[in-house]
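See below for the structure under consideration.
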Amino acid sequence: MENHVEKLRKELGLNQEEFAKAIRVSRQTVSSIETGKYNPSLDLAFTIANFFGKTIEEIFVNKGGI
């Protein structure tokens with residue numbers, strides 16, 4: 001799954017550590033999400049979307065079909 005987390009985070013001028021603290025996860029989790037190595041749980045996806053004031057669909061893009 002592709003996502004726009006890194007782009008949105010950088011637009012706000014936050015580093016990974018600052019963003020991780022804001023959404024209460026580790027910096028490693030943020031890094032893994034941004035590189036596509038980890039897909040967040042639905043709860044975390046909602047937390048990220050709410051943080052940026054966007055919908056989940058605006059941030060996370062399923063390129064693999066179903």
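Labeling convention for the structure tokens: chains A, B, ... as they appear, residues from 1 per chain, ligands from 1 in order of appearance.
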Q: Write out as a VMD selection string each polymer residue whose atoms come within 10 Å of Asn39 in chain A, counting only C-alpha atoms; drop sequence neighbours fewer than 2 positions from it.
A: chain A and resid 1 to 3 29 32 to 37 41 to 42 44 to 45 60
Atoms kept (N, CA and C atoms) for selection, written as a tab-separated table (two decimals), in the first residue's frame:
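Saved to part_5.tsv:
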chain	number	residue	atom	x	y	z
A	1	MET	N	0.84	-1.17	0.00
A	1	MET	CA	0.00	0.00	0.00
A	1	MET	C	0.90	1.24	0.00
A	2	GLU	N	0.61	2.15	-0.87
A	2	GLU	CA	1.35	3.42	-0.91
A	2	GLU	C	0.69	4.41	0.05
A	3	ASN	N	1.47	5.41	0.46
A	3	ASN	CA	0.89	6.43	1.33
A	3	ASN	C	1.61	7.75	1.14
A	29	THR	N	8.28	3.02	13.87
A	29	THR	CA	6.97	2.74	13.27
A	29	THR	C	6.68	3.75	12.17
A	32	SER	N	8.77	2.90	9.16
A	32	SER	CA	8.26	1.71	8.47
A	32	SER	C	6.99	2.00	7.68
A	33	ILE	N	6.14	2.85	8.21
A	33	ILE	CA	4.93	3.24	7.49
A	33	ILE	C	5.30	4.03	6.25
A	34	GLU	N	6.21	5.00	6.42
A	34	GLU	CA	6.58	5.86	5.29
A	34	GLU	C	7.25	5.08	4.16
A	35	THR	N	8.00	4.05	4.50
A	35	THR	CA	8.69	3.28	3.46
A	35	THR	C	7.84	2.14	2.92
A	36	GLY	N	6.64	1.96	3.48
A	36	GLY	CA	5.74	0.91	3.00
A	36	GLY	C	6.06	-0.47	3.54
A	37	LYS	N	6.93	-0.55	4.53
A	37	LYS	CA	7.27	-1.85	5.12
A	37	LYS	C	6.23	-2.31	6.13
A	41	SER	N	-2.51	-0.34	11.57
A	41	SER	CA	-3.84	-0.83	11.92
A	41	SER	C	-4.86	0.23	11.54
A	42	LEU	N	-6.10	-0.17	11.50
A	42	LEU	CA	-7.16	0.78	11.17
A	42	LEU	C	-7.20	1.92	12.18
A	44	LEU	N	-4.71	3.14	13.96
A	44	LEU	CA	-3.57	4.03	13.71
A	44	LEU	C	-3.77	4.83	12.43
A	45	ALA	N	-4.34	4.20	11.41
A	45	ALA	CA	-4.63	4.93	10.17
A	45	ALA	C	-5.59	6.09	10.43
A	60	PHE	N	-3.73	6.97	2.38
A	60	PHE	CA	-3.33	5.59	2.05
A	60	PHE	C	-3.99	5.14	0.77
Q. Any idea what's packed within 12 Å of Phe52 in chain A, counting only C-alpha atoms, ignoring anything in its chain fewer than 2 positions away? Could you give it as a ChimeraX atom specification?
A. /A:4-12,14,19,22-23,45-50,54-56,58-59
Can you write out the residues you just picked, keeping C-alpha atoms, as a PDB file, in the first residue's frame?
ATOM      1  CA  HIS A   4       1.514  10.154   1.557  1.00  0.00           C
ATOM      2  CA  VAL A   5       2.578  10.232   5.211  1.00  0.00           C
ATOM      3  CA  GLU A   6       6.144  11.416   4.601  1.00  0.00           C
ATOM      4  CA  LYS A   7       5.031  14.197   2.244  1.00  0.00           C
ATOM      5  CA  LEU A   8       2.359  15.428   4.667  1.00  0.00           C
ATOM      6  CA  ARG A   9       4.715  15.239   7.643  1.00  0.00           C
ATOM      7  CA  LYS A  10       7.386  17.247   5.835  1.00  0.00           C
ATOM      8  CA  GLU A  11       4.830  19.845   4.737  1.00  0.00           C
ATOM      9  CA  LEU A  12       4.209  20.504   8.438  1.00  0.00           C
ATOM     10  CA  LEU A  14       8.002  17.774  11.466  1.00  0.00           C
ATOM     11  CA  PHE A  19       5.429  13.117  14.398  1.00  0.00           C
ATOM     12  CA  ALA A  22       2.277  13.366  18.308  1.00  0.00           C
ATOM     13  CA  ILE A  23       0.573  10.135  17.277  1.00  0.00           C
ATOM     14  CA  ALA A  45      -4.627   4.926  10.165  1.00  0.00           C
ATOM     15  CA  PHE A  46      -7.531   6.942  11.616  1.00  0.00           C
ATOM     16  CA  THR A  47      -5.170   8.618  14.093  1.00  0.00           C
ATOM     17  CA  ILE A  48      -2.825   9.619  11.259  1.00  0.00           C
ATOM     18  CA  ALA A  49      -5.696  10.837   9.082  1.00  0.00           C
ATOM     19  CA  ASN A  50      -7.161  12.876  11.939  1.00  0.00           C
ATOM     20  CA  LYS A  54      -7.649  14.228   5.957  1.00  0.00           C
ATOM     21  CA  THR A  55      -9.505  11.005   5.214  1.00  0.00           C
ATOM     22  CA  ILE A  56      -7.752   7.648   5.257  1.00  0.00           C
ATOM     23  CA  GLU A  58      -6.470  10.676   0.953  1.00  0.00           C
ATOM     24  CA  ILE A  59      -3.392   9.328   2.736  1.00  0.00           C
TER      25      ILE A  59
END
Q: Take CA of Arg24 in chain A and CA of Glu57 in chain A and report the distance between them in Å, one decimal.
A: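 Rounded to one decimal, the two atoms are 21.3 Å apart.
Note that CA of Val30 in chain A and CA of Gly64 in chain A are 21.5 Å apart.
Note that CA of Lys63 in chain A and CA of Lys21 in chain A are 28.7 Å apart.
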Tell me, which residues of chain A carry DSSP strand (DSSP E), written as a compact mmCIF listing (two decimals) with N, CA and C atoms, in the first residue's frame?
# COMPACT_ATOMS: atom_id res chain seq x y z
N GLU A 2 0.61 2.15 -0.87
CA GLU A 2 1.35 3.42 -0.91
C GLU A 2 0.69 4.41 0.05
N ASN A 3 1.47 5.41 0.46
CA ASN A 3 0.89 6.43 1.33
C ASN A 3 1.61 7.75 1.14
N PHE A 60 -3.73 6.97 2.38
CA PHE A 60 -3.33 5.59 2.05
C PHE A 60 -3.99 5.14 0.77
N VAL A 61 -3.16 4.67 -0.17
CA VAL A 61 -3.65 4.29 -1.50
C VAL A 61 -3.35 2.82 -1.73
Q.
For the helix (DSSP H, G or I) assignment from backbone DSSP, which residues of chain A qualify? Please present them as a PyMOL selection string.
A. chain A and resi 5-11+16-23+27-34+42-52+56-59
Any chance you could export the current selection's C-alpha atoms as a short mmCIF file (atom, residue, chain, number, x, y, z; two decimals), in the first residue's frame?
data_model
loop_
_atom_site.label_atom_id
_atom_site.label_comp_id
_atom_site.auth_asym_id
_atom_site.auth_seq_id
_atom_site.Cartn_x
_atom_site.Cartn_y
_atom_site.Cartn_z
CA VAL A 5 2.58 10.23 5.21
CA GLU A 6 6.14 11.42 4.60
CA LYS A 7 5.03 14.20 2.24
CA LEU A 8 2.36 15.43 4.67
CA ARG A 9 4.72 15.24 7.64
CA LYS A 10 7.39 17.25 5.84
CA GLU A 11 4.83 19.85 4.74
CA GLN A 16 9.89 11.54 12.28
CA GLU A 17 10.47 11.75 16.04
CA GLU A 18 8.15 14.73 16.48
CA PHE A 19 5.43 13.12 14.40
CA ALA A 20 5.82 9.81 16.25
CA LYS A 21 5.36 11.55 19.61
CA ALA A 22 2.28 13.37 18.31
CA ILE A 23 0.57 10.13 17.28
CA ARG A 27 9.98 6.72 15.31
CA GLN A 28 10.70 3.29 13.84
CA THR A 29 6.97 2.74 13.27
CA VAL A 30 6.73 6.06 11.42
CA SER A 31 9.75 5.11 9.30
CA SER A 32 8.26 1.71 8.47
CA ILE A 33 4.93 3.24 7.49
CA GLU A 34 6.58 5.86 5.29
CA LEU A 42 -7.16 0.78 11.17
CA ASP A 43 -7.02 2.63 14.50
CA LEU A 44 -3.57 4.03 13.71
CA ALA A 45 -4.63 4.93 10.17
CA PHE A 46 -7.53 6.94 11.62
CA THR A 47 -5.17 8.62 14.09
CA ILE A 48 -2.82 9.62 11.26
CA ALA A 49 -5.70 10.84 9.08
CA ASN A 50 -7.16 12.88 11.94
CA PHE A 51 -3.75 14.38 12.71
CA PHE A 52 -3.48 15.69 9.14
CA ILE A 56 -7.75 7.65 5.26
CA GLU A 57 -8.32 7.40 1.50
CA GLU A 58 -6.47 10.68 0.95
CA ILE A 59 -3.39 9.33 2.74
#
